[in-house]
$ cat structure_10.pdb   # PDB, C-alpha atoms and all ligand atoms
ATOM      1  CA  MET A 239     -19.832  26.080 -10.598  1.00  0.00           C
ATOM      2  CA  PRO A 240     -16.478  27.824  -9.858  1.00  0.00           C
ATOM      3  CA  ALA A 241     -13.307  26.506 -11.538  1.00  0.00           C
ATOM      4  CA  TYR A 242     -10.987  24.058  -9.759  1.00  0.00           C
ATOM      5  CA  ASP A 243      -8.540  25.943  -7.497  1.00  0.00           C
ATOM      6  CA  PRO A 244      -5.070  24.301  -7.734  1.00  0.00           C
ATOM      7  CA  ASN A 245      -4.118  25.911  -4.409  1.00  0.00           C
ATOM      8  CA  ASN A 246      -6.678  24.051  -2.288  1.00  0.00           C
ATOM      9  CA  ILE A 247      -5.257  22.164   0.724  1.00  0.00           C
ATOM     10  CA  PHE A 248      -5.634  18.695  -0.795  1.00  0.00           C
ATOM     11  CA  ALA A 249      -3.913  19.737  -4.055  1.00  0.00           C
ATOM     12  CA  LYS A 250      -1.000  20.933  -1.881  1.00  0.00           C
ATOM     13  CA  ILE A 251      -0.961  17.570  -0.063  1.00  0.00           C
ATOM     14  CA  LEU A 252      -0.891  15.760  -3.440  1.00  0.00           C
ATOM     15  CA  ARG A 253       2.063  17.898  -4.567  1.00  0.00           C
ATOM     16  CA  GLY A 254       3.860  17.194  -1.274  1.00  0.00           C
ATOM     17  CA  GLU A 255       3.751  20.876  -0.271  1.00  0.00           C
ATOM     18  CA  LEU A 256       1.822  20.043   2.920  1.00  0.00           C
ATOM     19  CA  PRO A 257       2.285  16.948   5.128  1.00  0.00           C
ATOM     20  CA  SER A 258      -0.283  14.169   5.498  1.00  0.00           C
ATOM     21  CA  HIS A 259      -0.618  10.775   7.158  1.00  0.00           C
ATOM     22  CA  LYS A 260      -0.725   8.602   4.036  1.00  0.00           C
ATOM     23  CA  VAL A 261      -2.725   5.381   4.117  1.00  0.00           C
ATOM     24  CA  TYR A 262      -2.717   4.353   0.430  1.00  0.00           C
ATOM     25  CA  GLU A 263      -1.574   5.607  -2.959  1.00  0.00           C
ATOM     26  CA  ASP A 264      -1.797   4.384  -6.551  1.00  0.00           C
ATOM     27  CA  GLU A 265      -1.416   6.081  -9.915  1.00  0.00           C
ATOM     28  CA  ARG A 266      -4.865   7.718  -9.765  1.00  0.00           C
ATOM     29  CA  ALA A 267      -5.862   8.009  -6.104  1.00  0.00           C
ATOM     30  CA  PHE A 268      -4.482   8.974  -2.700  1.00  0.00           C
ATOM     31  CA  ALA A 269      -5.810   8.229   0.810  1.00  0.00           C
ATOM     32  CA  PHE A 270      -4.775   9.966   4.023  1.00  0.00           C
ATOM     33  CA  LEU A 271      -6.127  10.561   7.513  1.00  0.00           C
ATOM     34  CA  ASP A 272      -8.451  13.439   8.322  1.00  0.00           C
ATOM     35  CA  ILE A 273      -6.670  15.710  10.826  1.00  0.00           C
ATOM     36  CA  MET A 274      -9.927  16.284  12.717  1.00  0.00           C
ATOM     37  CA  PRO A 275     -11.296  12.725  12.795  1.00  0.00           C
ATOM     38  CA  ARG A 276     -14.933  12.147  13.633  1.00  0.00           C
ATOM     39  CA  ALA A 277     -13.873   8.669  14.845  1.00  0.00           C
ATOM     40  CA  PRO A 278     -10.463   6.920  15.038  1.00  0.00           C
ATOM     41  CA  GLY A 279      -9.292   5.934  11.544  1.00  0.00           C
ATOM     42  CA  HIS A 280     -11.304   8.627   9.707  1.00  0.00           C
ATOM     43  CA  THR A 281      -9.721   8.570   6.229  1.00  0.00           C
ATOM     44  CA  LEU A 282     -10.125  10.737   3.122  1.00  0.00           C
ATOM     45  CA  VAL A 283      -9.822   9.250  -0.381  1.00  0.00           C
ATOM     46  CA  ILE A 284      -9.168  11.638  -3.266  1.00  0.00           C
ATOM     47  CA  PRO A 285      -8.483  11.368  -6.995  1.00  0.00           C
ATOM     48  CA  LYS A 286      -5.153  12.710  -8.224  1.00  0.00           C
ATOM     49  CA  SER A 287      -6.956  14.472 -11.086  1.00  0.00           C
ATOM     50  CA  PRO A 288      -8.046  18.069 -10.448  1.00  0.00           C
ATOM     51  CA  ALA A 289     -11.736  17.524  -9.687  1.00  0.00           C
ATOM     52  CA  ARG A 290     -13.599  20.019  -7.514  1.00  0.00           C
ATOM     53  CA  ASN A 291     -16.209  17.462  -6.441  1.00  0.00           C
ATOM     54  CA  LEU A 292     -18.584  14.757  -7.690  1.00  0.00           C
ATOM     55  CA  LEU A 293     -20.174  17.204 -10.120  1.00  0.00           C
ATOM     56  CA  ASP A 294     -17.116  17.716 -12.342  1.00  0.00           C
ATOM     57  CA  VAL A 295     -15.039  14.508 -11.918  1.00  0.00           C
ATOM     58  CA  SER A 296     -14.764  12.192 -14.936  1.00  0.00           C
ATOM     59  CA  SER A 297     -16.736   8.963 -14.613  1.00  0.00           C
ATOM     60  CA  ASP A 298     -13.484   6.979 -15.047  1.00  0.00           C
ATOM     61  CA  ASP A 299     -11.786   8.752 -12.140  1.00  0.00           C
ATOM     62  CA  LEU A 300     -14.933   8.442 -10.041  1.00  0.00           C
ATOM     63  CA  ALA A 301     -15.084   4.701 -10.699  1.00  0.00           C
ATOM     64  CA  HIS A 302     -11.432   4.292  -9.735  1.00  0.00           C
ATOM     65  CA  VAL A 303     -11.842   6.328  -6.537  1.00  0.00           C
ATOM     66  CA  ALA A 304     -14.956   4.314  -5.628  1.00  0.00           C
ATOM     67  CA  GLY A 305     -12.870   1.133  -5.830  1.00  0.00           C
ATOM     68  CA  VAL A 306     -10.279   2.650  -3.503  1.00  0.00           C
ATOM     69  CA  VAL A 307     -13.037   3.775  -1.106  1.00  0.00           C
ATOM     70  CA  GLN A 308     -14.224   0.167  -0.896  1.00  0.00           C
ATOM     71  CA  LYS A 309     -10.667  -1.143  -0.374  1.00  0.00           C
ATOM     72  CA  VAL A 310      -9.982   1.379   2.425  1.00  0.00           C
ATOM     73  CA  ALA A 311     -13.400   0.803   4.034  1.00  0.00           C
ATOM     74  CA  ARG A 312     -12.717  -2.936   4.229  1.00  0.00           C
ATOM     75  CA  ALA A 313      -9.253  -2.287   5.709  1.00  0.00           C
ATOM     76  CA  ALA A 314     -10.736   0.209   8.197  1.00  0.00           C
ATOM     77  CA  ARG A 315     -13.237  -2.390   9.380  1.00  0.00           C
ATOM     78  CA  THR A 316     -10.392  -4.821  10.057  1.00  0.00           C
ATOM     79  CA  ALA A 317      -7.872  -2.343  11.486  1.00  0.00           C
ATOM     80  CA  PHE A 318     -10.347  -0.683  13.879  1.00  0.00           C
ATOM     81  CA  ASP A 319     -12.493  -3.730  14.571  1.00  0.00           C
ATOM     82  CA  ALA A 320     -15.420  -1.611  13.343  1.00  0.00           C
ATOM     83  CA  ASP A 321     -19.050  -2.736  13.466  1.00  0.00           C
ATOM     84  CA  GLY A 322     -19.839  -0.464  10.509  1.00  0.00           C
ATOM     85  CA  VAL A 323     -18.365   2.179   8.221  1.00  0.00           C
ATOM     86  CA  THR A 324     -19.887   5.571   7.367  1.00  0.00           C
ATOM     87  CA  ILE A 325     -19.055   7.064   3.936  1.00  0.00           C
ATOM     88  CA  GLN A 326     -19.677  10.787   3.439  1.00  0.00           C
ATOM     89  CA  GLN A 327     -19.136  13.045   0.423  1.00  0.00           C
ATOM     90  CA  PHE A 328     -20.159  16.728   0.122  1.00  0.00           C
ATOM     91  CA  ASN A 329     -20.574  18.942  -2.950  1.00  0.00           C
ATOM     92  CA  GLU A 330     -20.265  22.768  -2.927  1.00  0.00           C
ATOM     93  CA  SER A 331     -20.754  24.944   0.172  1.00  0.00           C
ATOM     94  CA  ALA A 332     -24.511  24.432   0.162  1.00  0.00           C
ATOM     95  CA  GLY A 333     -23.856  20.685   0.218  1.00  0.00           C
ATOM     96  CA  GLY A 334     -21.473  20.949   3.192  1.00  0.00           C
ATOM     97  CA  GLN A 335     -18.181  20.944   1.252  1.00  0.00           C
ATOM     98  CA  VAL A 336     -15.306  22.895   2.841  1.00  0.00           C
ATOM     99  CA  VAL A 337     -12.257  21.729   0.840  1.00  0.00           C
ATOM    100  CA  PHE A 338     -12.782  21.945  -2.922  1.00  0.00           C
ATOM    101  CA  HIS A 339     -10.961  18.864  -4.158  1.00  0.00           C
ATOM    102  CA  LEU A 340     -13.225  15.804  -4.450  1.00  0.00           C
ATOM    103  CA  HIS A 341     -12.942  13.601  -1.359  1.00  0.00           C
ATOM    104  CA  PHE A 342     -14.777  10.727   0.258  1.00  0.00           C
ATOM    105  CA  HIS A 343     -14.813  10.388   4.052  1.00  0.00           C
ATOM    106  CA  ILE A 344     -14.432   6.838   5.395  1.00  0.00           C
ATOM    107  CA  ILE A 345     -15.337   6.680   9.072  1.00  0.00           C
ATOM    108  CA  PRO A 346     -15.065   3.388  11.014  1.00  0.00           C
ATOM    109  CA  ARG A 347     -17.971   3.084  13.462  1.00  0.00           C
ATOM    110  CA  LYS A 348     -18.665   1.184  16.675  1.00  0.00           C
ATOM    111  CA  GLU A 349     -22.162   0.108  17.633  1.00  0.00           C
ATOM    112  CA  GLY A 350     -23.747   2.779  19.861  1.00  0.00           C
ATOM    113  CA  VAL A 351     -20.836   5.264  19.578  1.00  0.00           C
ATOM    114  CA  ALA A 352     -21.767   8.612  18.003  1.00  0.00           C
ATOM    115  CA  MET A 353     -19.409  10.391  15.607  1.00  0.00           C
ATOM    116  CA  LYS A 354     -17.765  13.551  16.957  1.00  0.00           C
ATOM    117  CA  PRO A 355     -19.125  16.753  15.405  1.00  0.00           C
ATOM    118  CA  PRO A 356     -17.294  17.883  12.234  1.00  0.00           C
ATOM    119  CA  ALA A 357     -14.023  19.792  12.791  1.00  0.00           C
ATOM    120  CA  SER A 358     -14.303  19.403  16.594  1.00  0.00           C
ATOM    121  CA  ALA A 359     -10.672  18.655  17.528  1.00  0.00           C
ATOM    122  CA  LYS A 360      -7.304  18.155  15.863  1.00  0.00           C
ATOM    123  CA  GLU A 361      -5.931  14.680  16.603  1.00  0.00           C
ATOM    124  CA  LYS A 362      -2.390  14.304  18.018  1.00  0.00           C
ATOM    125  CA  PRO A 363       0.184  13.553  15.273  1.00  0.00           C
ATOM    126  CA  GLU A 364       1.357  10.440  17.210  1.00  0.00           C
ATOM    127  CA  ALA A 365      -2.178   9.016  17.211  1.00  0.00           C
ATOM    128  CA  LEU A 366      -2.615   9.769  13.499  1.00  0.00           C
ATOM    129  CA  ALA A 367       0.722   8.108  12.720  1.00  0.00           C
ATOM    130  CA  GLU A 368      -0.352   4.971  14.624  1.00  0.00           C
ATOM    131  CA  HIS A 369      -3.781   4.893  12.921  1.00  0.00           C
ATOM    132  CA  ALA A 370      -2.185   5.316   9.471  1.00  0.00           C
ATOM    133  CA  ARG A 371       0.230   2.472  10.252  1.00  0.00           C
ATOM    134  CA  LYS A 372      -2.645   0.161  11.271  1.00  0.00           C
ATOM    135  CA  LEU A 373      -4.636   0.990   8.145  1.00  0.00           C
ATOM    136  CA  ALA A 374      -1.658   0.599   5.816  1.00  0.00           C
ATOM    137  CA  ALA A 375      -0.908  -2.799   7.408  1.00  0.00           C
ATOM    138  CA  ALA A 376      -4.532  -3.943   6.924  1.00  0.00           C
ATOM    139  CA  LEU A 377      -4.407  -2.758   3.298  1.00  0.00           C
ATOM    140  CA  ALA A 378      -1.145  -4.572   2.667  1.00  0.00           C
ATOM    141  CA  ALA A 379      -2.679  -7.791   4.039  1.00  0.00           C
ATOM    142  CA  SER A 380      -5.856  -7.448   1.908  1.00  0.00           C
TER     143      SER A 380
HETATM  144  P1  LIG A 401     -15.554  18.657   3.803  1.00  0.00           P
HETATM  145  O1  LIG A 401     -15.056  19.502   2.624  1.00  0.00           O
HETATM  146  O2  LIG A 401     -16.760  19.258   4.443  1.00  0.00           O
HETATM  147  O3  LIG A 401     -15.783  17.240   3.417  1.00  0.00           O
HETATM  148  O4  LIG A 401     -14.478  18.706   4.948  1.00  0.00           O
HETATM  149  C1  LIG A 401     -13.093  18.734   4.727  1.00  0.00           C
HETATM  150  C2  LIG A 401     -12.412  17.774   5.667  1.00  0.00           C
HETATM  151  O5  LIG A 401     -11.011  17.933   5.487  1.00  0.00           O
HETATM  152  C3  LIG A 401     -12.681  17.977   7.165  1.00  0.00           C
HETATM  153  O6  LIG A 401     -13.114  16.732   7.721  1.00  0.00           O
HETATM  154  C4  LIG A 401     -11.336  18.410   7.734  1.00  0.00           C
HETATM  155  O7  LIG A 401     -11.112  17.913   9.042  1.00  0.00           O
HETATM  156  C5  LIG A 401     -10.367  17.808   6.728  1.00  0.00           C
HETATM  157  N1  LIG A 401      -9.087  18.502   6.611  1.00  0.00           N
HETATM  158  C6  LIG A 401      -8.868  19.827   6.483  1.00  0.00           C
HETATM  159  N2  LIG A 401      -7.567  20.093   6.346  1.00  0.00           N
HETATM  160  C7  LIG A 401      -6.926  18.900   6.369  1.00  0.00           C
HETATM  161  C8  LIG A 401      -5.560  18.491   6.264  1.00  0.00           C
HETATM  162  N3  LIG A 401      -4.559  19.371   6.113  1.00  0.00           N
HETATM  163  N4  LIG A 401      -5.265  17.164   6.346  1.00  0.00           N
HETATM  164  C9  LIG A 401      -6.263  16.253   6.519  1.00  0.00           C
HETATM  165  N5  LIG A 401      -7.572  16.581   6.605  1.00  0.00           N
HETATM  166  C10 LIG A 401      -7.902  17.877   6.545  1.00  0.00           C
END

$ encode --input "structure_10.pdb" --output "structure tokens"
Amino acid sequence: MPAYDPNNIFAKILRGELPSHKVYEDERAFAFLDIMPRAPGHTLVIPKSPARNLLDVSSDDLAHVAGVVQKVARAARTAFDADGVTIQQFNESAGGQVVFHLHFHIIPRKEGVAMKPPASAKEKPEALAEHARKLAAALAAS
């Protein structure tokens, strides 16, 4: 497996070199909105440690990130009045991974509403800001 590339987009977001719509942060994990959401509220949760994907992350960091995934998924259900939540995670190009810093997708779902195809459209920054605000508020209340 190739080495971790510290110049991947999510590493730049973690260093504050690129903007993001932050939803949650603690000492070991960061959550922000996907810029091309497959449904409103589509969030990405990443570890702060330099892990390429599930195959090289430490089990401690993975366990911590899994806890944050659950916390954000519960908040997403409340904030978006979701009937369900889809969690996705891809490893290496053959596994569908495009950005090589470990991330979990959290996608709030409505009964009978299909997800948009991956990378179909960039969401407006105003909509992302509003969705991040709703999620952060639900997290704060949890
Ligand atoms: P994948 O590696 O296949 O899980 O896909 C990477 C995901 O990152 C896609 O859903 C993209 O829409 C998303 N993405 C790419 N660049 C950014 C960015 N700058 N901010 C937020 N999400 C991004």

$ closest_residue --input "structure_10.pdb" --among "A:Val261, A:Val283, A:Leu292, A:Val351" --to "Lys372 of chain A" --atoms "only C-alpha atoms"
A:Val261

$ residues_around --input "structure_10.pdb" --residues "Arg266 of chain A" --least-positions-apart "6" --cutoff "8 Å" --atoms "only C-alpha atoms" --output "PDB file with C-alpha atoms, in the frame of the given file"
ATOM      1  CA  PRO A 285      -8.483  11.368  -6.995  1.00  0.00           C
ATOM      2  CA  LYS A 286      -5.153  12.710  -8.224  1.00  0.00           C
ATOM      3  CA  SER A 287      -6.956  14.472 -11.086  1.00  0.00           C
ATOM      4  CA  ASP A 299     -11.786   8.752 -12.140  1.00  0.00           C
ATOM      5  CA  HIS A 302     -11.432   4.292  -9.735  1.00  0.00           C
ATOM      6  CA  VAL A 303     -11.842   6.328  -6.537  1.00  0.00           C
TER       7      VAL A 303
END

$ residues_near_ligand --input "structure_10.pdb" --ligand "ligand LIG 401 (chain A)" --cutoff "10 Å" --atoms "only C-alpha atoms and all ligand atoms" --output "compact mmCIF listing (two decimals) with C-alpha atoms, keeping the file's coordinate frame"
# COMPACT_ATOMS: atom_id res chain seq x y z
CA ASN A 246 -6.68 24.05 -2.29
CA ILE A 247 -5.26 22.16 0.72
CA PHE A 248 -5.63 18.70 -0.80
CA LYS A 250 -1.00 20.93 -1.88
CA ILE A 251 -0.96 17.57 -0.06
CA LEU A 256 1.82 20.04 2.92
CA PRO A 257 2.28 16.95 5.13
CA SER A 258 -0.28 14.17 5.50
CA HIS A 259 -0.62 10.78 7.16
CA LYS A 260 -0.72 8.60 4.04
CA ALA A 269 -5.81 8.23 0.81
CA PHE A 270 -4.78 9.97 4.02
CA LEU A 271 -6.13 10.56 7.51
CA ASP A 272 -8.45 13.44 8.32
CA ILE A 273 -6.67 15.71 10.83
CA MET A 274 -9.93 16.28 12.72
CA PRO A 275 -11.30 12.72 12.80
CA ARG A 276 -14.93 12.15 13.63
CA HIS A 280 -11.30 8.63 9.71
CA THR A 281 -9.72 8.57 6.23
CA LEU A 282 -10.12 10.74 3.12
CA ASN A 291 -16.21 17.46 -6.44
CA GLN A 326 -19.68 10.79 3.44
CA GLN A 327 -19.14 13.04 0.42
CA PHE A 328 -20.16 16.73 0.12
CA ASN A 329 -20.57 18.94 -2.95
CA GLU A 330 -20.26 22.77 -2.93
CA SER A 331 -20.75 24.94 0.17
CA GLY A 333 -23.86 20.68 0.22
CA GLY A 334 -21.47 20.95 3.19
CA GLN A 335 -18.18 20.94 1.25
CA VAL A 336 -15.31 22.90 2.84
CA VAL A 337 -12.26 21.73 0.84
CA PHE A 338 -12.78 21.94 -2.92
CA HIS A 339 -10.96 18.86 -4.16
CA LEU A 340 -13.22 15.80 -4.45
CA HIS A 341 -12.94 13.60 -1.36
CA PHE A 342 -14.78 10.73 0.26
CA HIS A 343 -14.81 10.39 4.05
CA PRO A 355 -19.12 16.75 15.40
CA PRO A 356 -17.29 17.88 12.23
CA ALA A 357 -14.02 19.79 12.79
CA SER A 358 -14.30 19.40 16.59
CA ALA A 359 -10.67 18.66 17.53
CA LYS A 360 -7.30 18.16 15.86
CA GLU A 361 -5.93 14.68 16.60

$ axis_aligned_box --input "structure_10.pdb" --around "segment 321-332 of chain A" --padding-each-side "3 Å" --output "JSON"
{"center_x": -21.4, "center_y": 11.1, "center_z": 5.3, "size_x": 12.1, "size_y": 33.7, "size_z": 22.4}

$ closest_residue --input "structure_10.pdb" --among "A:Ala375, A:Ala277, A:Ala332, A:Pro288" --to "Ile344 of chain A" --atoms "all atoms listed in the file"
A:Ala277

$ closest_residue --input "structure_10.pdb" --among "A:Leu252, A:Ala352, A:Ala241, A:Ala370" --to "Leu293 of chain A" --atoms "only C-alpha atoms"
A:Ala241

$ closest_residue --input "structure_10.pdb" --among "A:Ala289, A:Val295, A:Val323, A:Leu366" --to "Ile345 of chain A" --atoms "only C-alpha atoms"
A:Val323

$ closest_residue --input "structure_10.pdb" --among "A:Ala267, A:Asp298, A:Pro346, A:Arg312" --to "Ala379 of chain A" --atoms "all atoms listed in the file"
A:Arg312

$ decode --input "structure_10.pdb" --residues "segment 275-339 of chain A" --atoms "C-alpha atoms" --output "mmCIF file, in the first residue's frame"
data_model
loop_
_atom_site.group_PDB
_atom_site.id
_atom_site.type_symbol
_atom_site.label_atom_id
_atom_site.label_comp_id
_atom_site.auth_asym_id
_atom_site.auth_seq_id
_atom_site.Cartn_x
_atom_site.Cartn_y
_atom_site.Cartn_z
ATOM 1 C CA PRO A 275 -23.424 15.791 -0.642
ATOM 2 C CA ARG A 276 -25.321 12.699 -1.695
ATOM 3 C CA ALA A 277 -28.141 13.917 0.595
ATOM 4 C CA PRO A 278 -28.529 17.039 2.793
ATOM 5 C CA GLY A 279 -26.301 16.762 5.876
ATOM 6 C CA HIS A 280 -23.759 14.381 4.280
ATOM 7 C CA THR A 281 -20.850 14.549 6.753
ATOM 8 C CA LEU A 282 -17.305 13.152 6.740
ATOM 9 C CA VAL A 283 -15.605 12.036 9.971
ATOM 10 C CA ILE A 284 -11.817 11.715 9.957
ATOM 11 C CA PRO A 285 -9.085 10.945 12.485
ATOM 12 C CA LYS A 286 -6.497 13.654 13.085
ATOM 13 C CA SER A 287 -3.741 11.028 12.851
ATOM 14 C CA PRO A 288 -2.207 10.477 9.406
ATOM 15 C CA ALA A 289 -4.040 7.310 8.356
ATOM 16 C CA ARG A 290 -4.521 6.547 4.668
ATOM 17 C CA ASN A 291 -7.583 4.372 5.296
ATOM 18 C CA LEU A 292 -8.978 1.541 7.431
ATOM 19 C CA LEU A 293 -6.052 -0.685 6.482
ATOM 20 C CA ASP A 294 -3.330 1.351 8.213
ATOM 21 C CA VAL A 295 -5.147 3.235 11.030
ATOM 22 C CA SER A 296 -4.334 2.223 14.617
ATOM 23 C CA SER A 297 -7.112 0.318 16.371
ATOM 24 C CA ASP A 298 -7.230 3.046 19.063
ATOM 25 C CA ASP A 299 -7.807 5.809 16.513
ATOM 26 C CA LEU A 300 -10.333 3.657 14.671
ATOM 27 C CA ALA A 301 -12.258 3.043 17.892
ATOM 28 C CA HIS A 302 -12.301 6.758 18.682
ATOM 29 C CA VAL A 303 -13.458 7.694 15.171
ATOM 30 C CA ALA A 304 -16.182 5.024 15.333
ATOM 31 C CA GLY A 305 -17.522 6.685 18.489
ATOM 32 C CA VAL A 306 -17.611 10.044 16.718
ATOM 33 C CA VAL A 307 -19.350 8.452 13.707
ATOM 34 C CA GLN A 308 -22.086 7.209 16.040
ATOM 35 C CA LYS A 309 -22.401 10.616 17.752
ATOM 36 C CA VAL A 310 -22.681 12.447 14.400
ATOM 37 C CA ALA A 311 -25.085 9.846 12.968
ATOM 38 C CA ARG A 312 -27.422 10.321 15.934
ATOM 39 C CA ALA A 313 -27.222 14.119 15.561
ATOM 40 C CA ALA A 314 -27.838 13.826 11.799
ATOM 41 C CA ARG A 315 -30.979 11.790 12.428
ATOM 42 C CA THR A 316 -32.295 14.527 14.716
ATOM 43 C CA ALA A 317 -31.138 17.545 12.696
ATOM 44 C CA PHE A 318 -32.463 16.246 9.355
ATOM 45 C CA ASP A 319 -35.439 14.329 10.709
ATOM 46 C CA ALA A 320 -33.937 11.292 8.953
ATOM 47 C CA ASP A 321 -35.654 7.906 8.732
ATOM 48 C CA GLY A 322 -32.251 6.216 8.444
ATOM 49 C CA VAL A 323 -28.532 6.891 8.123
ATOM 50 C CA THR A 324 -26.144 5.374 5.565
ATOM 51 C CA ILE A 325 -22.477 4.958 6.603
ATOM 52 C CA GLN A 326 -19.914 4.426 3.839
ATOM 53 C CA GLN A 327 -16.141 3.944 3.969
ATOM 54 C CA PHE A 328 -13.848 3.111 1.011
ATOM 55 C CA ASN A 329 -10.303 1.720 0.938
ATOM 56 C CA GLU A 330 -7.821 2.251 -1.942
ATOM 57 C CA SER A 331 -8.835 3.086 -5.526
ATOM 58 C CA ALA A 332 -10.100 -0.429 -6.180
ATOM 59 C CA GLY A 333 -12.347 -0.033 -3.136
ATOM 60 C CA GLY A 334 -13.755 3.298 -4.368
ATOM 61 C CA GLN A 335 -11.508 5.624 -2.333
ATOM 62 C CA VAL A 336 -10.712 8.998 -3.939
ATOM 63 C CA VAL A 337 -9.216 11.005 -1.041
ATOM 64 C CA PHE A 338 -6.457 9.132 0.791
ATOM 65 C CA HIS A 339 -7.044 10.168 4.386
#
